[in-house]
>>> print(open('structure_22.tsv').read())   # TSV, C-alpha atoms
chain	number	residue	atom	x	y	z
A	1	MET	CA	-56.37	-8.15	53.27
A	2	SER	CA	-54.95	-11.60	52.62
A	3	GLY	CA	-57.29	-12.10	49.63
A	4	LYS	CA	-56.20	-8.78	48.14
A	5	SER	CA	-52.48	-9.48	48.57
A	6	ALA	CA	-52.91	-12.94	47.01
A	7	ARG	CA	-54.58	-11.27	44.01
A	8	ASP	CA	-51.74	-8.75	43.78
A	9	ALA	CA	-49.20	-11.52	43.93
A	10	ARG	CA	-50.99	-13.43	41.15
A	11	ARG	CA	-51.11	-10.26	39.02
A	12	GLU	CA	-47.43	-9.58	39.56
A	13	GLU	CA	-46.66	-13.18	38.66
A	14	ARG	CA	-48.71	-12.85	35.46
A	15	VAL	CA	-47.05	-9.52	34.48
A	16	ARG	CA	-43.61	-11.00	35.14
A	17	ALA	CA	-44.39	-14.09	33.05
A	18	GLU	CA	-45.70	-11.90	30.20
A	19	SER	CA	-42.64	-9.65	30.30
A	20	GLU	CA	-40.36	-12.68	30.40
A	21	GLY	CA	-42.18	-14.07	27.37
A	22	GLU	CA	-41.75	-10.75	25.54
A	23	GLY	CA	-38.08	-10.67	26.52
A	24	GLN	CA	-37.59	-14.19	25.17
A	25	ALA	CA	-39.28	-13.29	21.88
A	26	ARG	CA	-37.19	-10.11	21.57
A	27	ARG	CA	-33.99	-12.05	22.37
A	28	LYS	CA	-34.88	-14.66	19.74
A	29	ARG	CA	-35.51	-11.93	17.14
A	30	LEU	CA	-32.21	-10.14	17.89
A	31	LEU	CA	-30.26	-13.41	17.75
A	32	GLN	CA	-31.86	-14.13	14.36
A	33	ILE	CA	-30.75	-10.70	13.12
A	34	ALA	CA	-27.22	-11.36	14.41
A	35	SER	CA	-27.13	-14.77	12.68
A	36	ALA	CA	-28.24	-13.16	9.41
A	37	ALA	CA	-25.50	-10.53	9.82
A	38	VAL	CA	-22.86	-13.25	10.32
A	39	PHE	CA	-24.09	-15.06	7.20
A	40	MET	CA	-24.01	-11.85	5.16
A	41	ALA	CA	-20.51	-11.01	6.42
A	42	ILE	CA	-19.21	-14.43	5.38
A	43	VAL	CA	-20.75	-14.02	1.92
A	44	ALA	CA	-19.37	-10.45	1.58
A	45	VAL	CA	-15.81	-11.50	2.49
A	46	ALA	CA	-16.00	-14.51	0.13
A	47	VAL	CA	-17.24	-12.28	-2.73
A	48	LEU	CA	-14.50	-9.68	-2.06
A	49	ILE	CA	-11.80	-12.37	-2.13
A	50	VAL	CA	-13.14	-13.96	-5.31
A	51	VAL	CA	-13.48	-10.59	-7.09
A	52	THR	CA	-9.98	-9.47	-6.04
A	53	GLY	CA	-8.52	-12.85	-6.95
A	54	SER	CA	-10.02	-12.83	-10.43
A	55	LYS	CA	-8.95	-9.24	-11.07
A	56	THR	CA	-5.26	-9.96	-11.53
A	57	ASP	CA	-4.85	-13.73	-11.39
A	58	GLY	CA	-4.07	-15.40	-14.65
A	59	GLY	CA	-3.63	-12.11	-16.51
A	60	ASP	CA	-0.51	-11.66	-18.59
A	61	THR	CA	0.14	-8.27	-17.00
A	62	GLU	CA	0.38	-9.45	-13.41
A	63	LEU	CA	3.26	-7.56	-11.86
A	64	GLU	CA	6.46	-9.27	-10.81
A	65	ASP	CA	8.82	-8.24	-8.02
A	66	THR	CA	6.76	-5.41	-6.50
A	67	ALA	CA	8.04	-6.35	-3.04
A	68	LEU	CA	11.63	-6.68	-4.29
A	69	VAL	CA	11.63	-3.18	-5.80
A	70	SER	CA	10.07	-1.75	-2.67
A	71	ARG	CA	12.81	-3.39	-0.57
A	72	GLU	CA	15.57	-2.19	-2.87
A	73	LEU	CA	14.49	1.45	-2.69
A	74	LYS	CA	13.32	1.47	0.91
A	75	GLY	CA	14.26	4.58	2.83
A	76	ILE	CA	16.00	6.33	-0.11
A	77	PRO	CA	14.59	9.75	-1.10
A	78	GLN	CA	13.09	10.05	-4.59
A	79	ASN	CA	12.77	13.53	-6.11
A	80	GLY	CA	11.58	13.66	-9.69
A	81	MET	CA	13.81	11.19	-11.52
A	82	VAL	CA	16.59	11.47	-8.96
A	83	LEU	CA	17.22	8.72	-6.44
A	84	GLY	CA	19.19	9.58	-3.33
A	85	ASP	CA	20.06	12.45	-1.05
A	86	PRO	CA	19.51	15.68	-3.06
A	87	GLY	CA	22.60	17.11	-1.32
A	88	ALA	CA	24.91	14.27	-2.45
A	89	LYS	CA	28.06	15.72	-4.05
A	90	VAL	CA	28.24	13.27	-6.95
A	91	THR	CA	25.51	12.70	-9.50
A	92	LEU	CA	25.51	9.53	-11.56
A	93	ILE	CA	23.44	10.11	-14.68
A	94	GLU	CA	21.90	7.09	-16.36
A	95	PHE	CA	20.58	7.50	-19.88
A	96	GLY	CA	18.20	4.58	-20.39
A	97	ASP	CA	15.32	3.33	-22.47
A	98	LEU	CA	12.62	1.54	-20.52
A	99	GLN	CA	12.15	-0.92	-23.37
A	100	CYS	CA	15.84	-1.78	-23.55
A	101	PRO	CA	16.70	-5.31	-22.35
A	102	VAL	CA	20.31	-4.38	-21.54
A	103	CYS	CA	19.00	-1.60	-19.27
A	104	LYS	CA	16.81	-4.22	-17.60
A	105	GLY	CA	19.92	-6.33	-17.01
A	106	PHE	CA	21.70	-3.33	-15.47
A	107	ALA	CA	18.67	-2.58	-13.29
A	108	GLU	CA	18.70	-6.13	-11.96
A	109	GLU	CA	22.42	-6.91	-11.74
A	110	ILE	CA	24.49	-3.74	-11.47
A	111	ILE	CA	22.44	-0.77	-10.25
A	112	PRO	CA	21.33	-2.47	-6.97
A	113	ASP	CA	25.02	-2.79	-5.93
A	114	VAL	CA	25.66	0.87	-6.74
A	115	ILE	CA	22.55	1.89	-4.80
A	116	ASP	CA	23.67	-0.11	-1.77
A	117	SER	CA	27.29	1.07	-1.80
A	118	LYS	CA	27.01	4.70	-2.91
A	119	VAL	CA	23.42	5.99	-2.96
A	120	ARG	CA	22.12	4.64	0.34
A	121	SER	CA	25.15	6.13	2.12
A	122	GLY	CA	24.44	9.57	0.64
A	123	LYS	CA	27.70	9.70	-1.33
A	124	ALA	CA	25.96	9.87	-4.70
A	125	LYS	CA	22.55	10.29	-6.24
A	126	VAL	CA	21.37	8.74	-9.51
A	127	ASP	CA	19.51	10.77	-12.11
A	128	PHE	CA	17.61	8.71	-14.68
A	129	ARG	CA	17.19	10.41	-18.05
A	130	ASN	CA	15.27	8.95	-20.95
A	131	PHE	CA	17.19	8.14	-24.11
A	132	THR	CA	14.54	6.64	-26.36
A	133	ILE	CA	16.15	4.46	-29.01
A	134	ILE	CA	14.05	1.29	-29.23
A	135	SER	CA	10.74	2.49	-30.67
A	136	GLU	CA	8.04	5.14	-30.44
A	137	GLU	CA	6.54	3.29	-27.47
A	138	SER	CA	9.56	4.31	-25.39
A	139	ILE	CA	8.31	7.91	-25.40
A	140	PRO	CA	5.00	7.31	-23.55
A	141	ALA	CA	6.84	4.89	-21.25
A	142	GLY	CA	9.44	7.54	-20.39
A	143	ALA	CA	6.74	10.19	-19.96
A	144	ALA	CA	4.86	7.88	-17.58
A	145	ALA	CA	8.04	7.50	-15.51
A	146	ILE	CA	8.51	11.28	-15.30
A	147	ALA	CA	4.85	11.70	-14.30
A	148	ALA	CA	5.39	9.10	-11.54
A	149	GLY	CA	8.45	11.11	-10.50
A	150	LYS	CA	6.21	14.12	-9.91
A	151	GLN	CA	4.60	12.05	-7.15
A	152	GLY	CA	7.91	10.85	-5.72
A	153	ARG	CA	7.69	7.43	-7.37
A	154	GLY	CA	9.93	7.89	-10.41
A	155	TRP	CA	12.49	5.26	-9.46
A	156	SER	CA	9.88	2.85	-8.15
A	157	PHE	CA	8.24	3.13	-11.57
A	158	ILE	CA	11.48	2.63	-13.54
A	159	GLU	CA	12.60	-0.36	-11.48
A	160	LEU	CA	9.20	-2.01	-11.60
A	161	PHE	CA	8.92	-1.37	-15.35
A	162	TYR	CA	12.27	-3.08	-15.99
A	163	ARG	CA	11.27	-6.09	-13.93
A	164	ASN	CA	8.06	-6.45	-15.92
A	165	GLN	CA	9.51	-5.48	-19.28
A	166	GLY	CA	8.10	-7.19	-22.39
A	167	LEU	CA	9.64	-7.89	-25.78
A	168	GLU	CA	11.02	-4.82	-27.54
A	169	ALA	CA	8.43	-2.93	-29.60
A	170	SER	CA	5.91	-5.75	-29.24
A	171	GLY	CA	3.07	-3.40	-28.35
A	172	TYR	CA	2.96	-4.27	-24.64
A	173	VAL	CA	3.42	-0.64	-23.57
A	174	THR	CA	-0.30	0.06	-23.37
A	175	ASP	CA	-2.18	2.47	-21.11
A	176	ALA	CA	-3.32	-0.52	-19.04
A	177	PHE	CA	0.27	-1.80	-18.62
A	178	LEU	CA	1.60	1.64	-17.67
A	179	THR	CA	-1.26	2.16	-15.22
A	180	GLU	CA	-0.56	-1.17	-13.59
A	181	ILE	CA	3.12	-0.28	-13.20
A	182	ALA	CA	2.17	3.11	-11.74
A	183	GLN	CA	-0.20	1.52	-9.25
A	184	GLY	CA	2.40	-1.09	-8.32
A	185	ALA	CA	4.98	1.69	-7.88
A	186	GLY	CA	2.67	3.38	-5.38
A	187	VAL	CA	1.57	6.39	-7.47
A	188	HIS	CA	-1.36	7.57	-5.37
A	189	ASP	CA	-3.10	10.05	-7.64
A	190	ILE	CA	-3.57	8.11	-10.88
A	191	ALA	CA	-5.80	10.83	-12.41
A	192	GLN	CA	-3.05	13.45	-11.94
A	193	TRP	CA	-0.43	10.97	-13.22
A	194	ASN	CA	-2.54	10.43	-16.37
A	195	LYS	CA	-2.76	14.18	-16.90
A	196	ASP	CA	0.97	14.68	-16.35
A	197	ARG	CA	2.20	11.86	-18.57
A	198	LYS	CA	0.21	13.18	-21.53
A	199	SER	CA	1.23	16.80	-21.05
A	200	ALA	CA	3.33	18.41	-23.77
A	201	ALA	CA	5.98	19.51	-21.25
A	202	VAL	CA	6.58	15.95	-20.01
A	203	VAL	CA	6.76	14.50	-23.52
A	204	ALA	CA	9.15	17.32	-24.46
A	205	ALA	CA	11.30	16.42	-21.44
A	206	VAL	CA	11.66	12.85	-22.75
A	207	GLU	CA	12.71	14.16	-26.14
A	208	GLY	CA	15.00	16.74	-24.53
A	209	THR	CA	17.05	14.19	-22.57
A	210	SER	CA	17.29	11.95	-25.66
A	211	ALA	CA	18.78	14.89	-27.57
A	212	GLU	CA	21.13	15.56	-24.64
A	213	ALA	CA	22.38	11.95	-24.75
A	214	GLN	CA	23.14	12.34	-28.44
A	215	ARG	CA	24.97	15.61	-27.77
A	216	LEU	CA	27.14	13.77	-25.25
A	217	GLY	CA	28.01	11.28	-27.98
A	218	PHE	CA	26.08	8.32	-26.66
A	219	THR	CA	24.74	5.86	-29.21
A	220	GLY	CA	23.26	3.12	-27.05
A	221	THR	CA	21.57	2.43	-23.73
A	222	PRO	CA	22.27	2.35	-20.91
A	223	SER	CA	24.93	5.04	-21.01
A	224	PHE	CA	26.30	6.69	-17.92
A	225	ALA	CA	27.94	9.97	-16.95
A	226	VAL	CA	29.10	11.46	-13.66
A	227	GLU	CA	29.15	14.97	-12.28
A	228	GLY	CA	30.91	16.01	-9.08
A	229	PRO	CA	33.57	18.21	-7.49
A	230	GLY	CA	36.34	15.91	-8.75
A	231	ALA	CA	35.02	15.78	-12.31
A	232	SER	CA	35.38	18.37	-15.03
A	233	GLY	CA	31.77	19.02	-15.94
A	234	VAL	CA	29.80	16.00	-17.11
A	235	GLU	CA	32.22	13.11	-17.59
A	236	THR	CA	30.91	10.36	-19.81
A	237	LEU	CA	31.45	6.74	-18.84
A	238	GLY	CA	29.77	5.01	-21.76
A	239	THR	CA	28.40	1.63	-20.74
A	240	PRO	CA	30.54	0.28	-17.88
A	241	GLY	CA	30.75	-3.49	-17.58
A	242	SER	CA	30.43	-3.73	-13.81
A	243	ALA	CA	29.25	-2.03	-10.63
A	244	ASP	CA	32.93	-1.67	-9.61
A	245	GLN	CA	33.66	0.56	-12.61
A	246	ILE	CA	30.69	2.81	-11.79
A	247	GLU	CA	31.69	2.94	-8.12
A	248	SER	CA	35.30	3.92	-9.01
A	249	ALA	CA	33.99	6.67	-11.28
A	250	ILE	CA	31.81	7.96	-8.43
A	251	ASP	CA	34.82	7.93	-6.07
A	252	SER	CA	36.94	9.89	-8.58
A	253	ALA	CA	34.15	12.41	-9.16
A	254	ALA	CA	33.86	12.95	-5.40
A	255	GLY	CA	37.33	14.53	-5.51
B	1	MET	CA	-13.87	-3.95	30.65
B	2	ILE	CA	-11.47	-5.76	28.32
B	3	ALA	CA	-13.22	-4.58	25.13
B	4	THR	CA	-12.71	-0.93	26.14
B	5	PHE	CA	-8.99	-1.52	26.62
B	6	VAL	CA	-8.62	-3.46	23.35
B	7	ALA	CA	-10.55	-0.80	21.36
B	8	THR	CA	-8.34	1.95	22.84
B	9	PHE	CA	-5.24	0.00	21.84
B	10	GLY	CA	-6.72	-0.40	18.33
B	11	ILE	CA	-7.22	3.36	18.04
B	12	GLY	CA	-3.51	3.76	18.88
B	13	ILE	CA	-2.35	1.33	16.16
B	14	ALA	CA	-4.66	2.73	13.47
B	15	THR	CA	-3.65	6.30	14.36
B	16	TYR	CA	0.04	5.40	14.08
B	17	ILE	CA	-0.47	3.88	10.61
B	18	ALA	CA	-2.53	6.91	9.49
B	19	ILE	CA	0.07	9.42	10.76
B	20	ALA	CA	2.96	7.46	9.22
B	21	ASP	CA	1.13	7.47	5.88
B	22	SER	CA	0.14	11.14	5.97
B	23	GLY	CA	3.80	12.10	6.42
B	24	GLY	CA	4.50	10.54	3.04
B	25	GLY	CA	6.27	7.59	4.62
B	26	SER	CA	5.10	4.26	5.90
B	27	PRO	CA	4.94	2.47	9.25
B	28	VAL	CA	8.24	1.11	10.51
B	29	CYS	CA	8.42	-2.60	11.18
B	30	LEU	CA	9.70	-3.11	14.73
B	31	ALA	CA	11.42	-6.37	13.86
B	32	GLY	CA	13.00	-4.92	10.70
B	33	GLY	CA	12.13	-5.90	7.15
B	34	SER	CA	10.13	-3.88	4.70
B	35	GLY	CA	6.72	-5.55	4.89
B	36	CYS	CA	5.02	-2.44	6.21
B	37	GLU	CA	6.39	-0.22	3.47
B	38	THR	CA	5.36	-2.72	0.80
B	39	VAL	CA	1.85	-2.97	2.24
B	40	ALA	CA	1.52	0.80	2.74
B	41	ASN	CA	2.70	1.45	-0.81
B	42	SER	CA	0.29	-1.03	-2.35
B	43	THR	CA	-2.88	0.14	-4.05
B	44	TYR	CA	-4.92	-1.75	-1.45
B	45	SER	CA	-3.85	0.64	1.31
B	46	HIS	CA	-6.31	3.28	0.13
B	47	LEU	CA	-10.05	3.07	-0.39
B	48	LEU	CA	-11.65	5.87	-2.42
B	49	GLY	CA	-8.45	7.86	-1.94
B	50	VAL	CA	-8.59	7.55	1.85
B	51	ASN	CA	-6.08	5.51	3.83
B	52	ILE	CA	-7.92	2.51	5.27
B	53	ALA	CA	-6.32	3.27	8.65
B	54	ILE	CA	-8.71	6.25	8.86
B	55	PHE	CA	-11.64	3.82	8.55
B	56	GLY	CA	-9.88	1.72	11.20
B	57	ILE	CA	-9.75	4.66	13.63
B	58	ALA	CA	-13.48	5.34	13.08
B	59	GLY	CA	-14.31	1.65	13.64
B	60	TYR	CA	-12.31	1.40	16.86
B	61	VAL	CA	-13.82	4.65	18.20
B	62	LEU	CA	-17.34	3.32	17.59
B	63	LEU	CA	-16.39	-0.02	19.19
B	64	LEU	CA	-15.01	1.87	22.18
B	65	ALA	CA	-18.30	3.77	22.48
B	66	ALA	CA	-20.31	0.53	22.20
B	67	SER	CA	-18.23	-1.04	24.96
B	68	LEU	CA	-19.00	1.85	27.29
B	69	LEU	CA	-22.77	1.96	26.64
B	70	ARG	CA	-25.40	-0.37	28.07
B	71	GLY	CA	-28.50	-1.96	26.60
B	72	ASP	CA	-29.41	-4.06	23.59
B	73	PHE	CA	-28.65	-1.36	21.04
B	74	ALA	CA	-25.05	-1.10	22.27
B	75	ARG	CA	-24.73	-4.91	22.33
B	76	MET	CA	-26.06	-5.30	18.79
B	77	ALA	CA	-24.11	-2.31	17.44
B	78	GLY	CA	-20.91	-3.57	19.07
B	79	PHE	CA	-21.42	-7.01	17.59
B	80	GLY	CA	-22.24	-5.64	14.12
B	81	LEU	CA	-19.22	-3.31	14.09
B	82	ALA	CA	-16.85	-5.99	15.37
B	83	LEU	CA	-18.24	-8.44	12.79
B	84	GLY	CA	-17.62	-5.91	9.98
B	85	GLY	CA	-14.14	-5.12	11.30
B	86	PHE	CA	-13.28	-8.78	11.69
B	87	GLY	CA	-14.56	-9.64	8.20
B	88	TYR	CA	-12.57	-6.79	6.66
B	89	SER	CA	-9.47	-7.84	8.61
B	90	VAL	CA	-9.81	-11.36	7.18
B	91	TYR	CA	-9.95	-9.82	3.70
B	92	LEU	CA	-6.92	-7.57	4.35
B	93	THR	CA	-4.90	-10.50	5.71
B	94	TYR	CA	-5.78	-12.44	2.56
B	95	LEU	CA	-4.51	-9.49	0.48
B	96	GLU	CA	-1.26	-9.35	2.45
B	97	LEU	CA	-0.61	-13.06	2.09
B	98	PHE	CA	-1.68	-13.69	-1.49
B	99	LYS	CA	-1.77	-10.38	-3.35
B	100	ILE	CA	0.76	-7.99	-1.83
B	101	GLU	CA	2.93	-10.90	-0.67
B	102	ALA	CA	4.22	-8.94	2.30
B	103	ILE	CA	3.21	-8.89	5.94
B	104	CYS	CA	2.95	-5.71	7.98
B	105	GLN	CA	3.08	-6.39	11.69
B	106	TRP	CA	0.95	-3.33	12.48
B	107	CYS	CA	-1.81	-4.66	10.24
B	108	VAL	CA	-1.50	-8.11	11.80
B	109	GLY	CA	-1.67	-6.44	15.24
B	110	SER	CA	-4.87	-4.67	14.26
B	111	ALA	CA	-6.33	-7.90	12.85
B	112	VAL	CA	-5.61	-9.70	16.14
B	113	LEU	CA	-7.26	-6.89	18.14
B	114	MET	CA	-10.28	-6.97	15.83
B	115	THR	CA	-10.54	-10.75	16.29
B	116	ILE	CA	-10.47	-10.34	20.10
B	117	LEU	CA	-13.12	-7.59	19.88
B	118	PHE	CA	-15.30	-9.79	17.68
B	119	GLY	CA	-15.04	-12.63	20.24
B	120	LEU	CA	-15.84	-10.35	23.18
B	121	ASN	CA	-18.74	-8.64	21.43
B	122	ALA	CA	-20.13	-12.00	20.27
B	123	ILE	CA	-20.04	-13.34	23.86
B	124	ARG	CA	-21.67	-10.13	25.13
B	125	MET	CA	-24.39	-10.21	22.49
B	126	VAL	CA	-25.24	-13.93	22.71
B	127	GLY	CA	-25.06	-13.91	26.51
B	128	TYR	CA	-27.07	-10.81	27.29
B	129	VAL	CA	-29.10	-9.53	24.35
B	130	GLY	CA	-32.84	-9.38	25.07
B	131	ARG	CA	-32.18	-9.61	28.81
B	132	PRO	CA	-32.28	-6.74	31.31
B	133	ALA	CA	-29.07	-4.71	31.55
>>> encode(input="structure_22.tsv", output="structure tokens")
Amino acid sequence: MSGKSARDARREERVRAESEGEGQARRKRLLQIASAAVFMAIVAVAVLIVVTGSKTDGGDTELEDTALVSRELKGIPQNGMVLGDPGAKVTLIEFGDLQCPVCKGFAEEIIPDVIDSKVRSGKAKVDFRNFTIISEESIPAGAAAIAAGKQGRGWSFIELFYRNQGLEASGYVTDAFLTEIAQGAGVHDIAQWNKDRKSAAVVAAVEGTSAEAQRLGFTGTPSFAVEGPGASGVETLGTPGSADQIESAIDSAAG
Amino acid sequence: MIATFVATFGIGIATYIAIADSGGGSPVCLAGGSGCETVANSTYSHLLGVNIAIFGIAGYVLLLAASLLRGDFARMAGFGLALGGFGYSVYLTYLELFKIEAICQWCVGSAVLMTILFGLNAIRMVGYVGRPA
């Protein structure tokens, strides 16, 4: 009996030692796999960062002020080319050309004050209408803005375009530039945006508002007009020199 | 188990970001500011047309499952998933700091959770893999 149990004990000891050895080998193999995975993850992250960094760094089309524009328009509804509460009584109409440097100045210095004082509060909404006077390139630029408007990013597009505007008629309004602005403005469906901006109806809309501006007697950009219960139809303001003048016109149009 | 709790919390954050985005808006920063809107509006917030928060939900659900299962497969899978999530979080934080130039506290919250999960899964894997459950 004692000889048999000693044999059993030795066998058990041997089996345990073998299984421990197998366990150690398996553990070593799994740890090697894990180490390889860590190495590959480090390489993958490094490659992603380098590729992303080289994509836009150093390029002459790197966007400026994306965060600023996003902050400026935060929380304000955008419908088509209209910024602000659709139910606002007063409509401020801006006839602008995206290539126009004076419009850029207005976008940076005057319009933000009007947005803060009148649009954010729901008193007025602003309707941007293209009035293409600089060059032929203003037409695809305006069409691209309208196409962005179809995805609720019209004003984000306009504001970002102005802040990244190039020299008038210098050829910077390329498909690549417009696409970058659209992406920066948060246009989600770029394929649909491309389809829309090249459609005959959208291009006709750009030409239509330019003709409307001429009918109203405007000769330059930006030109403004107001509509509201206190105004008789569309009242033209021309090119006001300050945010105060626009704000007073909005107050009068409110009745 | 801490990993189970952290993964559940992660599902909550990722779901909030996904729901906020699907409503056409963006997550609201609790401390004010517009970092979340800027990040949510950036082109980096979507991968192949899908909000990356959706991938986040899937990742956290799998990490939750791994934390509840036993054995080497669960340990290795948990480690691999947490490693992938942690690596991607490092990349996203880089994008926020240097490309989008805005910080979204929800994304930072998720990155912190993913870092904790990576630590816990690494300890679990190194400590127990190849040994009996």
>>> closest_atom_pairs(input="structure_22.tsv", of="chain A", to="chain B", cutoff="8 Å", atoms="all atoms listed in the file", output="JSON lines")
{"residue": "A:Gly23", "atom": "CA", "partner": "B:Gly130", "partner_atom": "CA", "distance": 5.6}
{"residue": "A:Gln24", "atom": "CA", "partner": "B:Gly130", "partner_atom": "CA", "distance": 6.8}
{"residue": "A:Arg26", "atom": "CA", "partner": "B:Gly130", "partner_atom": "CA", "distance": 5.6}
{"residue": "A:Arg27", "atom": "CA", "partner": "B:Gly130", "partner_atom": "CA", "distance": 4.0}
{"residue": "A:Lys28", "atom": "CA", "partner": "B:Gly130", "partner_atom": "CA", "distance": 7.8}
{"residue": "A:Leu30", "atom": "CA", "partner": "B:Val129", "partner_atom": "CA", "distance": 7.2}
{"residue": "A:Leu31", "atom": "CA", "partner": "B:Val126", "partner_atom": "CA", "distance": 7.1}
{"residue": "A:Ala34", "atom": "CA", "partner": "B:Met76", "partner_atom": "CA", "distance": 7.6}
{"residue": "A:Ala37", "atom": "CA", "partner": "B:Gly80", "partner_atom": "CA", "distance": 7.3}
{"residue": "A:Val38", "atom": "CA", "partner": "B:Leu83", "partner_atom": "CA", "distance": 7.1}
{"residue": "A:Ala41", "atom": "CA", "partner": "B:Gly87", "partner_atom": "CA", "distance": 6.4}
{"residue": "A:Ile42", "atom": "CA", "partner": "B:Gly87", "partner_atom": "CA", "distance": 7.2}
{"residue": "A:Val45", "atom": "CA", "partner": "B:Gly87", "partner_atom": "CA", "distance": 6.1}
{"residue": "A:Leu48", "atom": "CA", "partner": "B:Tyr91", "partner_atom": "CA", "distance": 7.3}
{"residue": "A:Ile49", "atom": "CA", "partner": "B:Tyr91", "partner_atom": "CA", "distance": 6.6}
{"residue": "A:Thr66", "atom": "CA", "partner": "B:Thr38", "partner_atom": "CA", "distance": 7.9}
{"residue": "A:Ala67", "atom": "CA", "partner": "B:Thr38", "partner_atom": "CA", "distance": 5.9}
{"residue": "A:Ser70", "atom": "CA", "partner": "B:Thr38", "partner_atom": "CA", "distance": 5.9}
{"residue": "A:Arg71", "atom": "CA", "partner": "B:Ser34", "partner_atom": "CA", "distance": 5.9}
{"residue": "A:Lys74", "atom": "CA", "partner": "B:Ser34", "partner_atom": "CA", "distance": 7.3}
{"residue": "A:Gln183", "atom": "CA", "partner": "B:Thr43", "partner_atom": "CA", "distance": 6.0}
{"residue": "A:Gly184", "atom": "CA", "partner": "B:Ser42", "partner_atom": "CA", "distance": 6.3}
{"residue": "A:Ala185", "atom": "CA", "partner": "B:Asn41", "partner_atom": "CA", "distance": 7.4}
{"residue": "A:Gly186", "atom": "CA", "partner": "B:Asn41", "partner_atom": "CA", "distance": 5.0}
{"residue": "A:His188", "atom": "CA", "partner": "B:Thr43", "partner_atom": "CA", "distance": 7.7}
>>> write_last_selection(input="structure_22.tsv", atoms="C-alpha atoms", output="PDB file, in the frame of the given file")
ATOM      1  CA  GLY A  23     -38.080 -10.670  26.520  1.00  0.00           C
ATOM      2  CA  GLN A  24     -37.590 -14.190  25.170  1.00  0.00           C
ATOM      3  CA  ARG A  26     -37.190 -10.110  21.570  1.00  0.00           C
ATOM      4  CA  ARG A  27     -33.990 -12.050  22.370  1.00  0.00           C
ATOM      5  CA  LYS A  28     -34.880 -14.660  19.740  1.00  0.00           C
ATOM      6  CA  LEU A  30     -32.210 -10.140  17.890  1.00  0.00           C
ATOM      7  CA  LEU A  31     -30.260 -13.410  17.750  1.00  0.00           C
ATOM      8  CA  ALA A  34     -27.220 -11.360  14.410  1.00  0.00           C
ATOM      9  CA  ALA A  37     -25.500 -10.530   9.820  1.00  0.00           C
ATOM     10  CA  VAL A  38     -22.860 -13.250  10.320  1.00  0.00           C
ATOM     11  CA  ALA A  41     -20.510 -11.010   6.420  1.00  0.00           C
ATOM     12  CA  ILE A  42     -19.210 -14.430   5.380  1.00  0.00           C
ATOM     13  CA  VAL A  45     -15.810 -11.500   2.490  1.00  0.00           C
ATOM     14  CA  LEU A  48     -14.500  -9.680  -2.060  1.00  0.00           C
ATOM     15  CA  ILE A  49     -11.800 -12.370  -2.130  1.00  0.00           C
ATOM     16  CA  THR A  66       6.760  -5.410  -6.500  1.00  0.00           C
ATOM     17  CA  ALA A  67       8.040  -6.350  -3.040  1.00  0.00           C
ATOM     18  CA  SER A  70      10.070  -1.750  -2.670  1.00  0.00           C
ATOM     19  CA  ARG A  71      12.810  -3.390  -0.570  1.00  0.00           C
ATOM     20  CA  LYS A  74      13.320   1.470   0.910  1.00  0.00           C
ATOM     21  CA  GLN A 183      -0.200   1.520  -9.250  1.00  0.00           C
ATOM     22  CA  GLY A 184       2.400  -1.090  -8.320  1.00  0.00           C
ATOM     23  CA  ALA A 185       4.980   1.690  -7.880  1.00  0.00           C
ATOM     24  CA  GLY A 186       2.670   3.380  -5.380  1.00  0.00           C
ATOM     25  CA  HIS A 188      -1.360   7.570  -5.370  1.00  0.00           C
TER      26      HIS A 188
END
>>> closest_residue(input="structure_22.tsv", among="A:Ala213, A:Val102, A:Ala148, A:Val90", to="Lys125 of chain A", atoms="all atoms listed in the file")
A:Val90
>>> atom_distance(input="structure_22.tsv", atom1="atom CA of Glu168 of chain A", atom2="atom CA of Pro222 of chain A")
14.9 Å
>>> residues_around(input="structure_22.tsv", residues="segment 66-70 of chain B", least_positions_apart="6", cutoff="7 Å", atoms="only C-alpha atoms", output="MDAnalysis selection string")
chainID B and resid 3:4 77:78 133
>>> closest_residue(input="structure_22.tsv", among="A:Ile76, A:Val187, A:Ala9, A:Ala88", to="Gly149 of chain A", atoms="only C-alpha atoms")
A:Val187
>>> atom_distance(input="structure_22.tsv", atom1="atom CA of Glu96 of chain B", atom2="atom CA of Thr52 of chain A")
12.2 Å
>>> closest_residue(input="structure_22.tsv", among="A:Asp127, A:Asp196, A:Glu136, A:Asp175", to="Phe224 of chain A", atoms="all atoms listed in the file")
A:Asp127
>>> closest_residue(input="structure_22.tsv", among="A:Phe39, A:Phe131, A:Trp155, A:Phe218", to="Gly84 of chain A", atoms="all atoms listed in the file")
A:Trp155
>>> residues_around(input="structure_22.tsv", residues="Val82 of chain A", least_positions_apart="2", cutoff="10 Å", atoms="only C-alpha atoms", output="NGL selection string")
:A and (77-80 or 84-86 or 91-93 or 125-129 or 149 or 152-155)
>>> atom_distance(input="structure_22.tsv", atom1="atom CA of Ser22 of chain B", atom2="atom CA of Leu47 of chain B")
14.5 Å
>>> closest_residue(input="structure_22.tsv", among="B:Leu117, B:Ile13, B:Ile57, B:Cys36", to="Gln105 of chain B", atoms="only C-alpha atoms")
B:Cys36
